[in-house]
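The structure under discussion appears below in the form of structure tokens.
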Amino acid sequence: MKKILITMCLSAAAVCAVSAQTEVRMTLHDESRGGQIIPREIYGQFAEHLGRCIYGGIWVGEESPIPNEKGYRVDVLEALRALKVPVLRWPGGCFADEYHWMDGIGPREERPKMVNTNWGGTVEDNSFGTHEFLNFCELLGCEPYVNGNIGSGSVEEMSKWVEYMTSDADSPMANLRRKNGRDKPWKVRYFGVGNETWGCGGNMTPDYYADLYRRYATFCKSFSGNWLYKICSGANNYDHAWTETMMRRVGNQMNGLTLHYYTVFDWNHKGSATEFTADDWYATIGKCAEIENVIKGHCDIMDRYDPARRIALIVDEWGTWWDEEPGTVRGHLYQQNTLRDAMVAAVSLNIFHKYTERVRMANIAQMVNVLQAMILTRDDEMVLTPTYWVFSMYTPHQGAEAVPLYFEPETVKDRYRHEVDLLSATASRAADGAITLSLANVDLDKECRVTIALDGDKRYDVKGQVLTADAMTARNTFENPDVVRPVELKGIESSKGEITVVLPAKSIVSLTLR
Ligand code: AHR
């Protein structure tokens with residue numbers, strides 16, 4: 001049922017429309033069991049040697065006046081721990097295919113410098129290398145996802161990196177690691193064999209890369225009980241031909257195939273992160289939600305070659321990409337983050353939840369100070385972005401069991417003729433039985449009254465959090481860090497077999513049903 005209510009008020013001067021409300025009826029199958037488990041890795045992150053993501057964002061070094069634990073910023077570390085980051089991809093991105101890992105081990109003062117040609121020509125001093133990354137993952141309690149260099153590195157270099165990180169044998173690379181201060185190998189499950197090999201990773205044709213992948217991957221071994229999950233560099237957007245070739249030519253030599261999808265309308269005119277119109281808002285959500293079509297297309301091809309769904313589709317780069325913040329270093333991809341970015345995060349995560357039979361990992365780009373970041377830093381200051389808060393509100397979905405949810409949202413047509421759903425939602429049940437229902441009201445003007453019908457006549461104790469702001473461009477700055485932050489949602493009505501909530505316009509709500 002689609003209905004719009006207009007509430008009128010009589011002011012002293014005139015009759016004016018003060019609020020408009022849509023109504024949506026939803027069915028939540030709260031008694032159903034055996035739903036798909038939402039892999040924790042859907043909440044993965046990506047940290048590249050790019051701008052101030054690693055240096056200044058994560059790593060400041062032990063000598064820094066910025067409070068740090070073994071060189072890692074304490075504020076950032078704690079904020080990330082609260083998100084329960086499951087997996088972190090590193091060192092790129094485009095950087096991965098010009099990274100030579102041996103430059104990043106051993107005494108820091110002896111490590112050679114290089115120029116980061118992809119990202120602003122910044123000098124990279126290699127002070128953050130393999131040990132610093134893998135130890136960071138241990139501190140964070142997440143799985144490392146290391147992306148190897150196929151574009152400019154040799155098979156031997158890649159093979160030795162895997163040995164260095166994961167072998168416990170009396171072997172040359174394991175002994176070199178020991179000499180560098182790490183006795184026991186790390187566990188490294190996820191290993192990427194190249195990145196964007198159709199572009200910055202080597203401008204290869206799919207057939208050429210497929211052969212190269214097979215060759216390089218052959219020498220990436222599973223040492224000492226560390227079972228290596230090998231990831232093949234996949235398509236950009238709608239490049240179905242790339243997926244087709246990888247599935248046909250690489251097939252069971254890979255465990256996962258990647259997909260990159262950024263929310264960008266026009267690569268030459270990306271637009272401001274903070275100054276935009278209502279028209280831009282809907283176009284952004286339309287473009288973001290288009291990822292569902294993109295995913296479906298790749299899944300269809302993968303299903304033909306791999307009906308048992310052994311190979312995962314890994315969306316290891318996604319998120320918004322706006323013009324760089326004026327006054328910042330060109331090529332460092334520093335952008336602000338508004339309520340619009342939060343909406344993109346919520347809508348994207350809701351979509352990923354629908355395809356977890358195939359989509360088993362996603363890594364938002366990127367973790368700190370780059371693109372759609374969780375966190376922005378300036379010297380010793382830190383700001384948590386609206387996107388951070390969505391990830392925070394969504395933590396209960398990690399590893400939870402999907403709960404079926406049915407509703408028919410109102411839609412609006414954006415300027416690119418996307419039918420944009422004005423309501424997006426997802427639900428899951430955690431191991432303790434609590435159900436989390438996350439709802440995103442995309443509508444800029446109308447609040448949405450949602451009535452949720454349950455399977456039986458159970459009455460839940462319902463608590464809610466809401467993330468919204470007066471302006472769609474609202475953001476957290478170093479001066480005002482708490483403009484967009486979740487607060488308690490008031491006015492939830494819970495009766496036998498039914499729950500009713502009112503979602504403010506442009507808001508993201510998470511309900512916990514116990
Ligand atoms: O995330 C920024 C860049 O976007 C990555 O380095 C690259 O893989 C992609 O093109």
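Identifiers in the structure tokens: chain A, B, ... in order shown; residue index from 1 per chain; ligand index from 1 in order shown.
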Given a cut-off of 8 Å, what residues near ligand 1 show up using only C-alpha atoms and all ligand atoms, put as a ChimeraX atom specification? /A:48,50,92-96,118,195-196,199-200,260,317,333,365-366,370-371
DSSP on the backbone, strand (DSSP E or B) only: what residues of region 6-110 of chain A does that give? Format it as an MDAnalysis selection string. chainID A and resid 6:10 15:28 37 44:46 55 59 68:69 72:73 87:90
Mind writing the picked residues with N, CA and C atoms as an mmCIF file, in the first residue's frame?
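Result file follows (out_10.cif):
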data_model
loop_
_atom_site.group_PDB
_atom_site.id
_atom_site.type_symbol
_atom_site.label_atom_id
_atom_site.label_comp_id
_atom_site.auth_asym_id
_atom_site.auth_seq_id
_atom_site.Cartn_x
_atom_site.Cartn_y
_atom_site.Cartn_z
ATOM 1 N N ILE A 6 -0.598 14.297 4.080
ATOM 2 C CA ILE A 6 -0.123 15.668 4.257
ATOM 3 C C ILE A 6 -0.826 16.225 5.495
ATOM 4 N N THR A 7 -0.066 16.658 6.468
ATOM 5 C CA THR A 7 -0.643 17.235 7.685
ATOM 6 C C THR A 7 -0.631 18.743 7.518
ATOM 7 N N MET A 8 -1.744 19.386 7.746
ATOM 8 C CA MET A 8 -1.819 20.836 7.560
ATOM 9 C C MET A 8 -1.844 21.521 8.928
ATOM 10 N N CYS A 9 -1.297 22.714 8.999
ATOM 11 C CA CYS A 9 -1.381 23.465 10.239
ATOM 12 C C CYS A 9 -1.936 24.848 9.977
ATOM 13 N N LEU A 10 -2.592 25.377 10.952
ATOM 14 C CA LEU A 10 -3.124 26.737 10.846
ATOM 15 C C LEU A 10 -2.207 27.647 11.644
ATOM 16 N N VAL A 15 -2.529 29.095 6.105
ATOM 17 C CA VAL A 15 -2.537 27.635 6.179
ATOM 18 C C VAL A 15 -1.255 27.155 5.513
ATOM 19 N N CYS A 16 -0.507 26.320 6.173
ATOM 20 C CA CYS A 16 0.736 25.893 5.549
ATOM 21 C C CYS A 16 0.913 24.391 5.744
ATOM 22 N N ALA A 17 1.588 23.794 4.772
ATOM 23 C CA ALA A 17 1.900 22.370 4.910
ATOM 24 C C ALA A 17 3.135 22.246 5.771
ATOM 25 N N VAL A 18 3.056 21.555 6.905
ATOM 26 C CA VAL A 18 4.216 21.469 7.786
ATOM 27 C C VAL A 18 4.914 20.125 7.731
ATOM 28 N N SER A 19 4.178 19.118 7.451
ATOM 29 C CA SER A 19 4.895 17.848 7.384
ATOM 30 C C SER A 19 4.160 16.915 6.459
ATOM 31 N N ALA A 20 4.908 16.060 5.858
ATOM 32 C CA ALA A 20 4.314 15.068 4.980
ATOM 33 C C ALA A 20 4.847 13.728 5.410
ATOM 34 N N GLN A 21 3.989 12.744 5.279
ATOM 35 C CA GLN A 21 4.395 11.431 5.770
ATOM 36 C C GLN A 21 4.001 10.366 4.761
ATOM 37 N N THR A 22 4.886 9.426 4.546
ATOM 38 C CA THR A 22 4.489 8.256 3.769
ATOM 39 C C THR A 22 4.240 7.133 4.754
ATOM 40 N N GLU A 23 3.497 6.158 4.299
ATOM 41 C CA GLU A 23 3.227 4.996 5.151
ATOM 42 C C GLU A 23 3.671 3.749 4.427
ATOM 43 N N VAL A 24 4.366 2.891 5.117
ATOM 44 C CA VAL A 24 4.792 1.622 4.525
ATOM 45 C C VAL A 24 4.434 0.507 5.490
ATOM 46 N N ARG A 25 3.888 -0.552 4.943
ATOM 47 C CA ARG A 25 3.633 -1.754 5.752
ATOM 48 C C ARG A 25 4.682 -2.794 5.390
ATOM 49 N N MET A 26 5.229 -3.397 6.409
ATOM 50 C CA MET A 26 6.302 -4.358 6.206
ATOM 51 C C MET A 26 5.934 -5.667 6.883
ATOM 52 N N THR A 27 6.420 -6.766 6.345
ATOM 53 C CA THR A 27 6.245 -8.039 7.056
ATOM 54 C C THR A 27 7.626 -8.561 7.415
ATOM 55 N N LEU A 28 7.824 -8.781 8.690
ATOM 56 C CA LEU A 28 9.092 -9.329 9.162
ATOM 57 C C LEU A 28 8.822 -10.755 9.629
ATOM 58 N N ILE A 37 23.627 -16.759 6.489
ATOM 59 C CA ILE A 37 24.459 -16.010 7.456
ATOM 60 C C ILE A 37 25.117 -14.836 6.719
ATOM 61 N N GLY A 44 34.140 -5.378 5.662
ATOM 62 C CA GLY A 44 35.575 -5.209 5.502
ATOM 63 C C GLY A 44 35.955 -3.784 5.133
ATOM 64 N N GLN A 45 37.242 -3.507 5.320
ATOM 65 C CA GLN A 45 37.776 -2.177 5.046
ATOM 66 C C GLN A 45 38.990 -2.293 4.132
ATOM 67 N N PHE A 46 39.417 -1.142 3.656
ATOM 68 C CA PHE A 46 40.533 -1.069 2.711
ATOM 69 C C PHE A 46 41.436 0.089 3.124
ATOM 70 N N TYR A 55 49.822 6.913 6.575
ATOM 71 C CA TYR A 55 50.691 7.843 7.305
ATOM 72 C C TYR A 55 49.881 9.028 7.809
ATOM 73 N N TRP A 59 49.167 5.271 11.095
ATOM 74 C CA TRP A 59 50.539 5.133 11.601
ATOM 75 C C TRP A 59 51.170 6.505 11.797
ATOM 76 N N ASN A 68 50.180 7.143 20.786
ATOM 77 C CA ASN A 68 50.199 5.958 19.924
ATOM 78 C C ASN A 68 50.569 4.716 20.699
ATOM 79 N N GLU A 69 50.122 3.587 20.157
ATOM 80 C CA GLU A 69 50.515 2.297 20.715
ATOM 81 C C GLU A 69 51.408 1.656 19.671
ATOM 82 N N TYR A 72 50.977 3.143 16.261
ATOM 83 C CA TYR A 72 49.605 3.270 15.708
ATOM 84 C C TYR A 72 48.829 4.279 16.559
ATOM 85 N N ARG A 73 48.099 5.168 15.920
ATOM 86 C CA ARG A 73 47.301 6.162 16.663
ATOM 87 C C ARG A 73 46.322 5.448 17.593
ATOM 88 N N VAL A 87 38.040 -7.599 8.391
ATOM 89 C CA VAL A 87 39.113 -7.858 7.430
ATOM 90 C C VAL A 87 39.586 -6.516 6.876
ATOM 91 N N LEU A 88 40.903 -6.442 6.640
ATOM 92 C CA LEU A 88 41.471 -5.192 6.133
ATOM 93 C C LEU A 88 42.372 -5.487 4.935
ATOM 94 N N ARG A 89 42.062 -4.822 3.832
ATOM 95 C CA ARG A 89 42.829 -5.010 2.588
ATOM 96 C C ARG A 89 43.963 -3.978 2.521
ATOM 97 N N TRP A 90 45.126 -4.390 2.047
ATOM 98 C CA TRP A 90 46.329 -3.560 2.018
ATOM 99 C C TRP A 90 47.324 -4.206 1.069
#
Of the listed residues A:Gly331, A:Gly234, A:Pro185, A:Pro404, that which approaches Tyr164 (chain A) most closely, counting only C-alpha atoms: A:Pro185
In Å, with one decimal, what is the gap from CA of Thr468 (chain A) to CA of Asn441 (chain A)?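 Atom-to-atom, CA of Thr468 (chain A) to CA of Asn441 (chain A), that is 9.9 Å.
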Fewer than 3 positions away in the same chain doesn't count, so skip those; otherwise give me all residues within 7 Å of Leu503 (chain A), counting only C-alpha atoms, as a short mmCIF file (atom, residue, chain, number, x, y, z; two decimals) with all heavy atoms, in the first residue's frame.
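Result saved to out-v7.cif:
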data_model
loop_
_atom_site.label_atom_id
_atom_site.label_comp_id
_atom_site.auth_asym_id
_atom_site.auth_seq_id
_atom_site.Cartn_x
_atom_site.Cartn_y
_atom_site.Cartn_z
N ASN A 441 15.43 5.75 5.37
CA ASN A 441 14.44 6.58 4.68
C ASN A 441 15.18 7.58 3.81
O ASN A 441 15.74 8.56 4.30
CB ASN A 441 13.55 7.31 5.70
CG ASN A 441 12.48 8.16 5.00
OD1 ASN A 441 12.25 8.01 3.79
ND2 ASN A 441 11.84 9.05 5.74
N GLU A 447 8.76 12.17 6.34
CA GLU A 447 9.03 11.10 7.28
C GLU A 447 8.25 9.87 6.82
O GLU A 447 7.34 9.97 6.00
CB GLU A 447 8.66 11.52 8.70
CG GLU A 447 7.24 11.97 8.88
CD GLU A 447 6.96 12.49 10.30
OE1 GLU A 447 7.87 13.04 10.93
OE2 GLU A 447 5.81 12.33 10.73
N CYS A 448 8.62 8.74 7.33
CA CYS A 448 7.99 7.49 6.88
C CYS A 448 7.50 6.71 8.09
O CYS A 448 8.28 6.37 8.97
CB CYS A 448 9.01 6.69 6.08
SG CYS A 448 8.35 5.17 5.42
N ARG A 449 6.20 6.47 8.09
CA ARG A 449 5.62 5.69 9.18
C ARG A 449 5.63 4.23 8.75
O ARG A 449 4.96 3.86 7.79
CB ARG A 449 4.19 6.19 9.44
CG ARG A 449 3.52 5.55 10.63
CD ARG A 449 2.12 6.14 10.80
NE ARG A 449 1.42 5.46 11.86
CZ ARG A 449 1.57 5.72 13.15
NH1 ARG A 449 2.38 6.69 13.54
NH2 ARG A 449 0.91 5.04 14.06
N SER A 507 16.85 9.68 7.00
CA SER A 507 17.40 9.10 8.23
C SER A 507 17.72 7.62 8.06
O SER A 507 17.17 6.94 7.19
CB SER A 507 16.41 9.26 9.39
OG SER A 507 15.31 8.41 9.20
N VAL A 509 17.79 4.24 10.54
CA VAL A 509 17.32 3.79 11.86
C VAL A 509 17.72 2.34 12.05
O VAL A 509 17.63 1.53 11.11
CB VAL A 509 15.78 3.96 11.95
CG1 VAL A 509 15.19 3.13 13.07
CG2 VAL A 509 15.41 5.43 12.11
#
